[in-house]
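What follows is a short report on a single structure.
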Amino acid sequence: MSEILEKFQLAIIQGDGDKSVDMAEAIIAEGKATPDEIFDFLAEAMEVVGSRYETGEYFIPEMLRSAEAVEKAMGILEPYMFERRHDQTGIIVMGTVKGDIHNIGKNIIVSALRASGYEVHDLGVNISTDKFVNKVREVNADMLMLSAFTTSTKSALIDIIKSLEREGMRDRIKVISGGASHSEEFAREVGVDGFAKDVKSTLAVCRRLMSEKRA
Amino acid sequence: MNSRERVLAVLAGETPDTVPIVPVVDGYYAPKVIGRANDECFLDGACMAQALLAARNKYDYDGVLAEMGLGSPPNVLGCPVEIEGNDVPLVVDTVIGGREDLERLQVPDPWADDKMEPVKQLVAAAGGDHFVLGSVRSPFEYAATVRGLIDFMTDFYRDPELVKDLVAACVPVTYAVGKALVEAGVDAIVMKDSFASSSMISPEHYEQFAWHAEAEAIAGFKGLAPVVLHVCRNSMPILTRMAETGADVLEIDSPVDLAAARDALGDKVVLKGNIDAVTVIEKGSVADVEQAVRLAMAAARPGGRFILSTGDSIPVSAPEENVAALVEFGRKYGRY
């Protein structure tokens, strides 16, 4: 089984969408890998892609090529993984903040979260503060995930936090910001509860914040 | 020597009295100088022209940037643009969904709806005392805008021929806008190729998709006006090729080592840059500005082919004293 997972991983690193789909189908056909194993291989592959970007071996088109391979594979794997994983449920509202129309990173995270058992309400891109706040209220969300590709959208993130405070909702919801350009310092300045740069850190921060919320 | 003569001297390969200072003060910073929000001026060319002039007069640098946003309706080649308050304008939809849409791409009439009037006003107000630069997107940047940046860069592997054809189709757009700016009286064209940066795409992809269109557009401008080629963030790996486009000036951003750039290029082109607009001008102290200007001058002033500038647009929240310090220390350390 690990050979299929390794090929799956390589397909993602090389950004080969057709092969990542083939391998995803092979994983399901064999039926041996647990959702945790699949996630670990997926997260490792994305880490390799990320580190190649950081070292200048990969650029944005190469990141997008790998992201597309993940997105295609998750289309196959999501239902399979969701069936097997119900332990980390929580309700999440997610979207890309006003001033930003990038959606590939967000779509990957949405797929990963749904596959992990979360109920995700994906609002889309360029979402206003009011839309976020209204949706959080409507579905009584546990977490709000704000995707922002660039740090130029900082004011939009701050505006959402302030609006949640004004509405008296801030204590009831955990807010996570995410995006390739995010850092701990940025998250602290904006006032969110956590930040994530990739699939692995997103799932980790969600688990941590859901535990805190339930405690 | 007035401001305009100072910049013209550098372009002519002569040594001016002092290094010209032309920071990237555009629609992200200038409106606040006249107490207006960015969205008001982006949608009102007269407001933007007034703001850009007021910023120049307030800080007394040598050149003013006439933005193509001046007086335009809120769209880029048919793509709707939204802007609210002091946010950055955002292209919210695209017009090229695939190859079948290529024929929808029309070369705009830059003079339609009196769009060039604010540029003419700006040139008239500069009155020959100040250098006026007109801003236009490169073919590669127009292509990324009408396709959507993510889809555009995904196409590099998915459909490279579409990328090439789309960029080629945008060459006449860049040319038409640049030519109109010259006819409106600007002294030089700034061709912005932000997405060609080596912080975003590989040098190989720059060569494959961006370089030829840059060179073709610049060849079209030869004889009309000097061209400043701007690439955001790191452009060091492609700097030599950027110079080979025929650009007269390379506007380089803060990640590039100015001394290394000068070493790589010799005196073939003028360098314009590269004070960090965020770390130094927006978030730094006056002492940080002085230090950055001093280092930039030490690296690029000798020989004369240098214009002091920020590497990119000065953000709206940059403190006034830092913008003033850029000019103050530019004068102090720039004298020949």
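Naming scheme: A, B, ... for chains in displayed order of the structure tokens; residues 1 onward per chain; ligands 1 onward as shown.
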TODO: Just list the residues in range 60-197 of chain A DSSP gives helix (DSSP H, G or I) on the backbone, as JSON, numbers by chain.
DONE: {"A": [60, 61, 62, 63, 64, 65, 66, 67, 68, 69, 70, 71, 72, 73, 74, 75, 76, 77, 78, 79, 80, 81, 82, 83, 104, 105, 106, 107, 108, 109, 110, 111, 112, 113, 114, 115, 129, 130, 131, 132, 133, 134, 135, 136, 137, 138, 139, 151, 152, 153, 154, 155, 156, 157, 158, 159, 160, 161, 162, 163, 164, 165, 166, 170, 171, 172, 184, 185, 186, 187, 188, 189, 190]}
As an mmCIF file with C-alpha atoms, in the first residue's frame, could you give me every residue of chain B near chain A (at most 9 Å apart, counting only C-alpha atoms)?
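After the write, out-v2.cif holds the following:
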```
data_model
loop_
_atom_site.group_PDB
_atom_site.id
_atom_site.type_symbol
_atom_site.label_atom_id
_atom_site.label_comp_id
_atom_site.auth_asym_id
_atom_site.auth_seq_id
_atom_site.Cartn_x
_atom_site.Cartn_y
_atom_site.Cartn_z
ATOM 1 C CA GLU B 82 -14.084 47.262 -7.309
ATOM 2 C CA ILE B 83 -12.534 49.670 -4.865
ATOM 3 C CA ASP B 87 -8.441 49.420 -0.257
ATOM 4 C CA VAL B 88 -6.363 48.328 -3.195
ATOM 5 C CA PRO B 89 -8.495 48.201 -6.393
ATOM 6 C CA LEU B 90 -9.564 44.652 -7.107
ATOM 7 C CA VAL B 91 -10.360 43.124 -10.481
ATOM 8 C CA VAL B 92 -13.348 41.002 -9.489
ATOM 9 C CA ASP B 93 -14.115 39.207 -12.728
ATOM 10 C CA LEU B 149 -3.829 35.497 -12.100
ATOM 11 C CA ILE B 150 -4.432 31.984 -10.771
ATOM 12 C CA ASP B 151 -5.852 30.588 -14.015
ATOM 13 C CA PHE B 152 -3.179 32.428 -15.993
ATOM 14 C CA MET B 153 -0.346 30.865 -14.026
ATOM 15 C CA THR B 154 -2.029 27.469 -13.946
ATOM 16 C CA ASP B 155 -2.104 27.678 -17.749
ATOM 17 C CA PHE B 156 1.714 27.775 -17.826
ATOM 18 C CA TYR B 157 1.602 23.981 -17.610
ATOM 19 C CA ARG B 158 -2.019 23.300 -18.575
ATOM 20 C CA SER B 198 11.295 36.074 -10.034
ATOM 21 C CA SER B 199 9.429 36.080 -6.725
ATOM 22 C CA MET B 200 6.470 34.690 -8.685
ATOM 23 C CA ILE B 201 7.650 32.898 -11.823
ATOM 24 C CA SER B 202 10.863 31.187 -12.839
#
```
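In this model, the gap between CA of Ala169 in chain B and CA of Val119 in chain B comes to 25.7 Å.
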TODO: With a distance cut-off of 10 Å and only C-alpha atoms, select the neighbouring residues of Lys154 in chain A, excluding the residue or stretch itself and same-chain residues fewer than 2 positions from it, and output the selection as a ChimeraX atom specification.
DONE: /A:97-99,148,150-152,156-159,186-187,189-190
Write the residues of the selection above to a file with C-alpha atoms, as a short mmCIF file (atom, residue, chain, number, x, y, z; two decimals), in the first residue's frame.
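Ended up saving to result-v4.cif:
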```cif
data_model
loop_
_atom_site.label_atom_id
_atom_site.label_comp_id
_atom_site.auth_asym_id
_atom_site.auth_seq_id
_atom_site.Cartn_x
_atom_site.Cartn_y
_atom_site.Cartn_z
CA VAL A 97 -11.79 38.06 2.53
CA LYS A 98 -12.85 41.24 0.77
CA GLY A 99 -10.10 42.45 -1.49
CA ALA A 148 -6.18 35.82 2.38
CA THR A 150 -1.68 38.52 0.44
CA THR A 151 -1.08 40.56 3.57
CA SER A 152 -2.59 43.62 1.84
CA ALA A 156 -10.35 43.35 5.96
CA LEU A 157 -9.32 40.77 8.58
CA ILE A 158 -9.23 43.38 11.34
CA ASP A 159 -12.63 44.67 10.27
CA PHE A 186 0.60 38.83 11.28
CA ALA A 187 -2.00 36.73 13.12
CA GLU A 189 -1.51 41.92 14.80
CA VAL A 190 -4.84 41.03 13.25
#
```
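Interatomic distance, CA of Tyr336 in chain B against CA of Val293 in chain B: 15.1 Å.
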Open item on the list: Could you check the closest approach to Lys268 in chain B for each of B:Gly284, B:Gly303, B:Pro31, B:Gly128 and tell me which residue wins, using only C-alpha atoms?
Closed with: B:Gly303
- [ ] Rank A:Lys200, A:Lys174, A:Arg207, A:Arg188 by their smallest atom-to-atom distance to Phe39 in chain A, using only C-alpha atoms, and report the top residue only.
- [x]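 For Phe39 in chain A, the nearest of the candidates is A:Lys200.
Across the structure, CA of Ser211 in chain A and CA of Ser128 in chain A are spaced 28.6 Å apart.
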Open item on the list: So that I can check the surroundings of range 312-322 of chain B, please list as a ChimeraX atom specification every protein, DNA and RNA residue that reaches within 8 Å of it, counting only C-alpha atoms and ignoring chain neighbours fewer than 4 positions away.
Closed with: /B:23-26,28-30,32,86,232,253,274,276-278,281-286,289,326
Export of the given selection (N, CA and C atoms) as a PDB file, in the first residue's frame:
```pdb
ATOM      1  N   PRO B  23       9.972  58.910  -6.303  1.00  0.00           N
ATOM      2  CA  PRO B  23       9.410  57.760  -5.600  1.00  0.00           C
ATOM      3  C   PRO B  23       8.107  57.301  -6.260  1.00  0.00           C
ATOM      4  N   VAL B  24       7.716  56.052  -5.984  1.00  0.00           N
ATOM      5  CA  VAL B  24       6.466  55.555  -6.566  1.00  0.00           C
ATOM      6  C   VAL B  24       5.306  56.026  -5.674  1.00  0.00           C
ATOM      7  N   VAL B  25       4.940  57.266  -5.892  1.00  0.00           N
ATOM      8  CA  VAL B  25       3.754  57.820  -5.220  1.00  0.00           C
ATOM      9  C   VAL B  25       2.635  57.758  -6.243  1.00  0.00           C
ATOM     10  N   ASP B  26       1.683  56.878  -6.002  1.00  0.00           N
ATOM     11  CA  ASP B  26       0.599  56.704  -6.959  1.00  0.00           C
ATOM     12  C   ASP B  26      -0.741  56.777  -6.241  1.00  0.00           C
ATOM     13  N   TYR B  28      -2.263  54.855  -4.420  1.00  0.00           N
ATOM     14  CA  TYR B  28      -2.399  54.245  -3.097  1.00  0.00           C
ATOM     15  C   TYR B  28      -2.041  55.228  -1.987  1.00  0.00           C
ATOM     16  N   TYR B  29      -1.237  56.246  -2.325  1.00  0.00           N
ATOM     17  CA  TYR B  29      -0.787  57.174  -1.288  1.00  0.00           C
ATOM     18  C   TYR B  29      -1.272  58.604  -1.529  1.00  0.00           C
ATOM     19  N   ALA B  30      -1.238  59.036  -2.800  1.00  0.00           N
ATOM     20  CA  ALA B  30      -1.464  60.456  -3.101  1.00  0.00           C
ATOM     21  C   ALA B  30      -2.822  60.990  -2.622  1.00  0.00           C
ATOM     22  N   LYS B  32      -4.540  60.732  -0.043  1.00  0.00           N
ATOM     23  CA  LYS B  32      -4.630  61.203   1.342  1.00  0.00           C
ATOM     24  C   LYS B  32      -3.973  62.579   1.517  1.00  0.00           C
ATOM     25  N   ASN B  86      -9.917  53.052   1.194  1.00  0.00           N
ATOM     26  CA  ASN B  86      -8.492  53.068   0.859  1.00  0.00           C
ATOM     27  C   ASN B  86      -7.967  51.692   0.466  1.00  0.00           C
ATOM     28  N   CYS B 232       8.218  43.857  -9.935  1.00  0.00           N
ATOM     29  CA  CYS B 232       8.128  43.854  -8.473  1.00  0.00           C
ATOM     30  C   CYS B 232       9.090  42.821  -7.853  1.00  0.00           C
ATOM     31  N   ASP B 253      13.000  46.626  -7.339  1.00  0.00           N
ATOM     32  CA  ASP B 253      12.386  46.623  -6.001  1.00  0.00           C
ATOM     33  C   ASP B 253      13.438  46.257  -4.940  1.00  0.00           C
ATOM     34  N   ASN B 274      15.812  51.769  -4.825  1.00  0.00           N
ATOM     35  CA  ASN B 274      14.952  50.631  -4.571  1.00  0.00           C
ATOM     36  C   ASN B 274      14.666  50.551  -3.066  1.00  0.00           C
ATOM     37  N   ASP B 276      12.857  50.167   0.273  1.00  0.00           N
ATOM     38  CA  ASP B 276      11.729  49.296   0.611  1.00  0.00           C
ATOM     39  C   ASP B 276      10.521  50.139   1.050  1.00  0.00           C
ATOM     40  N   ALA B 277       9.469  50.093   0.243  1.00  0.00           N
ATOM     41  CA  ALA B 277       8.304  50.950   0.504  1.00  0.00           C
ATOM     42  C   ALA B 277       7.563  50.543   1.773  1.00  0.00           C
ATOM     43  N   VAL B 278       7.679  49.290   2.163  1.00  0.00           N
ATOM     44  CA  VAL B 278       6.934  48.824   3.347  1.00  0.00           C
ATOM     45  C   VAL B 278       7.840  48.848   4.583  1.00  0.00           C
ATOM     46  N   ILE B 281       9.784  52.702   4.446  1.00  0.00           N
ATOM     47  CA  ILE B 281       8.952  53.919   4.368  1.00  0.00           C
ATOM     48  C   ILE B 281       7.676  53.792   5.214  1.00  0.00           C
ATOM     49  N   GLU B 282       7.009  52.651   5.155  1.00  0.00           N
ATOM     50  CA  GLU B 282       5.763  52.522   5.922  1.00  0.00           C
ATOM     51  C   GLU B 282       6.038  52.226   7.397  1.00  0.00           C
ATOM     52  N   LYS B 283       6.953  51.302   7.663  1.00  0.00           N
ATOM     53  CA  LYS B 283       7.101  50.823   9.037  1.00  0.00           C
ATOM     54  C   LYS B 283       8.388  51.285   9.728  1.00  0.00           C
ATOM     55  N   GLY B 284       9.314  51.849   8.979  1.00  0.00           N
ATOM     56  CA  GLY B 284      10.591  52.241   9.564  1.00  0.00           C
ATOM     57  C   GLY B 284      10.542  53.617  10.207  1.00  0.00           C
ATOM     58  N   SER B 285      11.690  54.024  10.750  1.00  0.00           N
ATOM     59  CA  SER B 285      11.820  55.347  11.359  1.00  0.00           C
ATOM     60  C   SER B 285      12.519  56.272  10.358  1.00  0.00           C
ATOM     61  N   VAL B 286      12.594  57.543  10.710  1.00  0.00           N
ATOM     62  CA  VAL B 286      13.335  58.492   9.871  1.00  0.00           C
ATOM     63  C   VAL B 286      14.800  58.054   9.763  1.00  0.00           C
ATOM     64  N   VAL B 289      15.116  55.444   7.207  1.00  0.00           N
ATOM     65  CA  VAL B 289      15.055  56.013   5.853  1.00  0.00           C
ATOM     66  C   VAL B 289      16.423  56.578   5.481  1.00  0.00           C
ATOM     67  N   LEU B 326      12.742  60.727   2.825  1.00  0.00           N
ATOM     68  CA  LEU B 326      13.282  60.135   1.586  1.00  0.00           C
ATOM     69  C   LEU B 326      13.839  61.249   0.693  1.00  0.00           C
TER      70      LEU B 326
END
```
Nearby residues (only C-alpha atoms) at most 12 Å from Val192 in chain A, same-chain spacing under 4 positions excluded, as a compact mmCIF listing (two decimals) with C-alpha atoms, in the first residue's frame:
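around09.txt, freshly written:
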```
# COMPACT_ATOMS: atom_id res chain seq x y z
CA MET A 143 -14.87 28.41 13.71
CA LEU A 144 -14.46 31.11 11.12
CA MET A 145 -11.64 30.60 8.63
CA LEU A 146 -10.50 33.63 6.71
CA LYS A 154 -5.00 42.92 6.66
CA LEU A 157 -9.32 40.77 8.58
CA ILE A 158 -9.23 43.38 11.34
CA ASP A 159 -12.63 44.67 10.27
CA ILE A 160 -14.15 41.18 10.62
CA ILE A 161 -12.70 40.71 14.10
CA LYS A 162 -14.02 44.10 15.20
CA LEU A 164 -17.62 40.03 15.67
CA GLU A 165 -16.72 41.93 18.83
CA ARG A 170 -16.26 37.04 19.44
CA ASP A 171 -16.16 34.87 22.59
CA ILE A 173 -16.18 31.66 17.84
CA LYS A 174 -12.59 30.70 17.06
CA VAL A 175 -11.12 32.66 14.18
CA ILE A 176 -8.32 31.36 11.99
CA SER A 177 -6.57 33.24 9.23
CA GLY A 178 -4.79 31.39 6.48
CA HIS A 182 0.69 34.56 6.89
CA SER A 183 2.89 34.46 9.97
CA GLU A 184 2.44 34.32 13.70
CA GLU A 185 3.23 38.04 13.91
CA PHE A 186 0.60 38.83 11.28
CA ALA A 187 -2.00 36.73 13.12
CA ARG A 188 -1.22 38.48 16.40
CA ALA A 196 -2.33 28.28 9.10
CA VAL A 205 -4.91 24.34 14.48
CA LEU A 209 -9.07 25.20 18.78
```
